[in-house]
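The structure file entry.pdb is reproduced below (PDB, C-alpha atoms).
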```
MODEL        1
ATOM      1  CA  MET R   1     123.760  61.069 125.976  1.00  0.00           C
ATOM      2  CA  ALA R   2     122.485  61.106 129.564  1.00  0.00           C
ATOM      3  CA  ALA R   3     121.833  58.070 131.749  1.00  0.00           C
ATOM      4  CA  ILE R   4     118.688  57.650 133.847  1.00  0.00           C
ATOM      5  CA  THR R   5     118.307  55.360 136.848  1.00  0.00           C
ATOM      6  CA  ILE R   6     114.918  54.382 138.195  1.00  0.00           C
ATOM      7  CA  ARG R   7     114.934  52.871 141.658  1.00  0.00           C
ATOM      8  CA  ASN R   8     112.354  50.755 143.462  1.00  0.00           C
ATOM      9  CA  VAL R   9     110.678  49.345 140.355  1.00  0.00           C
ATOM     10  CA  PRO R  10     108.353  46.560 141.505  1.00  0.00           C
ATOM     11  CA  ASP R  11     109.433  43.121 140.290  1.00  0.00           C
ATOM     12  CA  ARG R  12     106.132  42.520 138.478  1.00  0.00           C
ATOM     13  CA  VAL R  13     106.558  45.790 136.552  1.00  0.00           C
ATOM     14  CA  ARG R  14     110.164  44.990 135.630  1.00  0.00           C
ATOM     15  CA  ASP R  15     109.154  41.483 134.555  1.00  0.00           C
ATOM     16  CA  GLU R  16     106.328  42.758 132.354  1.00  0.00           C
ATOM     17  CA  LEU R  17     108.580  45.339 130.714  1.00  0.00           C
ATOM     18  CA  ALA R  18     111.261  42.694 130.133  1.00  0.00           C
ATOM     19  CA  ALA R  19     108.658  40.396 128.563  1.00  0.00           C
ATOM     20  CA  ARG R  20     107.460  43.179 126.247  1.00  0.00           C
ATOM     21  CA  ALA R  21     111.047  43.910 125.284  1.00  0.00           C
ATOM     22  CA  ALA R  22     111.671  40.230 124.523  1.00  0.00           C
ATOM     23  CA  ARG R  23     108.491  39.996 122.426  1.00  0.00           C
ATOM     24  CA  SER R  24     109.673  42.983 120.404  1.00  0.00           C
ATOM     25  CA  GLY R  25     113.126  41.446 119.948  1.00  0.00           C
ATOM     26  CA  ARG R  26     114.904  44.195 121.867  1.00  0.00           C
ATOM     27  CA  SER R  27     116.836  44.408 125.097  1.00  0.00           C
ATOM     28  CA  LEU R  28     115.082  45.939 128.063  1.00  0.00           C
ATOM     29  CA  GLN R  29     117.251  49.039 127.699  1.00  0.00           C
ATOM     30  CA  GLU R  30     116.415  49.401 123.987  1.00  0.00           C
ATOM     31  CA  TYR R  31     112.730  48.879 124.678  1.00  0.00           C
ATOM     32  CA  LEU R  32     112.611  51.426 127.506  1.00  0.00           C
ATOM     33  CA  LEU R  33     114.573  53.989 125.494  1.00  0.00           C
ATOM     34  CA  GLY R  34     112.057  53.625 122.669  1.00  0.00           C
ATOM     35  CA  GLU R  35     109.165  54.086 125.094  1.00  0.00           C
ATOM     36  CA  LEU R  36     110.774  57.178 126.623  1.00  0.00           C
ATOM     37  CA  VAL R  37     111.438  58.719 123.208  1.00  0.00           C
ATOM     38  CA  ARG R  38     107.838  58.025 122.168  1.00  0.00           C
ATOM     39  CA  ALA R  39     106.487  59.571 125.374  1.00  0.00           C
ATOM     40  CA  ALA R  40     108.681  62.656 125.019  1.00  0.00           C
ATOM     41  CA  GLU R  41     107.612  63.226 121.408  1.00  0.00           C
ATOM     42  CA  LYS R  42     103.922  63.169 122.298  1.00  0.00           C
ATOM     43  CA  PRO R  43     102.614  66.306 124.020  1.00  0.00           C
ATOM     44  CA  SER R  44     101.216  65.869 127.508  1.00  0.00           C
ATOM     45  CA  MET R  45      97.456  66.206 127.886  1.00  0.00           C
ATOM     46  CA  ASP R  46      97.936  69.540 129.673  1.00  0.00           C
ATOM     47  CA  ASP R  47     100.115  70.856 126.831  1.00  0.00           C
ATOM     48  CA  TRP R  48      97.666  69.584 124.207  1.00  0.00           C
ATOM     49  CA  LEU R  49      94.710  71.219 125.962  1.00  0.00           C
ATOM     50  CA  ALA R  50      96.584  74.499 126.353  1.00  0.00           C
ATOM     51  CA  GLN R  51      97.392  74.504 122.630  1.00  0.00           C
ATOM     52  CA  ALA R  52      93.806  73.635 121.701  1.00  0.00           C
ATOM     53  CA  ARG R  53      92.498  76.458 123.892  1.00  0.00           C
ATOM     54  CA  ALA R  54      95.002  78.892 122.401  1.00  0.00           C
ATOM     55  CA  ASP R  55      94.008  77.820 118.877  1.00  0.00           C
ATOM     56  CA  ALA R  56      90.323  78.276 119.736  1.00  0.00           C
ATOM     57  CA  ALA R  57      90.987  81.748 121.160  1.00  0.00           C
ATOM     58  CA  VAL R  58      92.862  82.799 118.021  1.00  0.00           C
ATOM     59  CA  SER R  59      90.193  81.414 115.699  1.00  0.00           C
ATOM     60  CA  GLY R  60      87.348  82.974 117.686  1.00  0.00           C
ATOM     61  CA  SER R  61      85.600  79.624 118.030  1.00  0.00           C
ATOM     62  CA  THR R  62      82.519  79.651 120.220  1.00  0.00           C
ATOM     63  CA  VAL R  63      81.808  75.911 120.111  1.00  0.00           C
ATOM     64  CA  THR R  64      81.220  74.538 123.598  1.00  0.00           C
ATOM     65  CA  THR R  65      81.636  71.068 125.008  1.00  0.00           C
ATOM     66  CA  ALA R  66      77.855  70.853 125.275  1.00  0.00           C
ATOM     67  CA  ASP R  67      77.567  71.677 121.547  1.00  0.00           C
ATOM     68  CA  ILE R  68      79.986  68.896 120.643  1.00  0.00           C
ATOM     69  CA  LEU R  69      78.300  66.326 122.874  1.00  0.00           C
ATOM     70  CA  SER R  70      74.873  67.272 121.522  1.00  0.00           C
ATOM     71  CA  ASP R  71      76.101  66.897 117.945  1.00  0.00           C
ATOM     72  CA  LEU R  72      77.642  63.515 118.749  1.00  0.00           C
ATOM     73  CA  ASP R  73      74.384  62.344 120.312  1.00  0.00           C
ATOM     74  CA  GLN R  74      72.500  63.441 117.196  1.00  0.00           C
ATOM     75  CA  MET R  75      74.988  61.656 114.942  1.00  0.00           C
ATOM     76  CA  ARG R  76      74.528  58.497 116.985  1.00  0.00           C
ATOM     77  CA  GLY R  77      70.752  58.770 116.696  1.00  0.00           C
ATOM     78  CA  ARG R  78      70.155  59.643 120.323  1.00  0.00           C
ATOM     79  CA  ASP R  79      67.937  62.371 121.612  1.00  0.00           C
ATOM     80  CA  ALA R  80      69.965  65.289 122.924  1.00  0.00           C
TER      81      ALA R  80
ENDMDL
END
```

Would you give me this structure, written as structure tokens?
Amino acid sequence: MAAITIRNVPDRVRDELAARAARSGRSLQEYLLGELVRAAEKPSMDDWLAQARADAAVSGSTVTTADILSDLDQMRGRDA
């Protein structure tokens, strides 16, 4: 397993992370490893958007952002 070092972490950030780790009953290292694993398992917004656009292209979808927003406004009882 690899080791990662992060330098120049502001004290207030380190203190908050340590407090969150303590509240969860884990060491700071265990807490941060869990957060890193969770972040790595979740696609980035850019990756998610690229996949959504690829899926739309394959499906032939012609729904636009304006269509979606208009439908949401109608569902909420607002005039489009």

TODO: Go through R:Gly25, R:Leu33, R:Arg53, R:Met75 and flag the residue nearest Ala2 in chain R, using only C-alpha atoms for the distances.
DONE: R:Leu33

Could you spell out the hits of the PyMOL selection byres ((chain R and resi 4-7) around 12) on the shown file, as an mmCIF file with C-alpha atoms, in the coordinates of the input?
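Output (result13.cif):
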```cif
data_model
loop_
_atom_site.group_PDB
_atom_site.id
_atom_site.type_symbol
_atom_site.label_atom_id
_atom_site.label_comp_id
_atom_site.auth_asym_id
_atom_site.auth_seq_id
_atom_site.Cartn_x
_atom_site.Cartn_y
_atom_site.Cartn_z
ATOM 1 C CA MET R 1 123.760 61.069 125.976
ATOM 2 C CA ALA R 2 122.485 61.106 129.564
ATOM 3 C CA ALA R 3 121.833 58.070 131.749
ATOM 4 C CA ASN R 8 112.354 50.755 143.462
ATOM 5 C CA VAL R 9 110.678 49.345 140.355
ATOM 6 C CA PRO R 10 108.353 46.560 141.505
ATOM 7 C CA ASP R 11 109.433 43.121 140.290
ATOM 8 C CA ARG R 14 110.164 44.990 135.630
ATOM 9 C CA GLN R 29 117.251 49.039 127.699
ATOM 10 C CA LEU R 32 112.611 51.426 127.506
ATOM 11 C CA LEU R 33 114.573 53.989 125.494
ATOM 12 C CA LEU R 36 110.774 57.178 126.623
#
```

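Going from CA of Ala54 in chain R to CA of Asp73 in chain R covers 26.5 Å.
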
TODO: Find the distance between CA of Glu35 in chain R and CA of Ala19 in chain R and write it in Å to one decimal.
DONE: 14.1 Å

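Going from CA of Gly34 in chain R to CA of Asp15 in chain R covers 17.2 Å.
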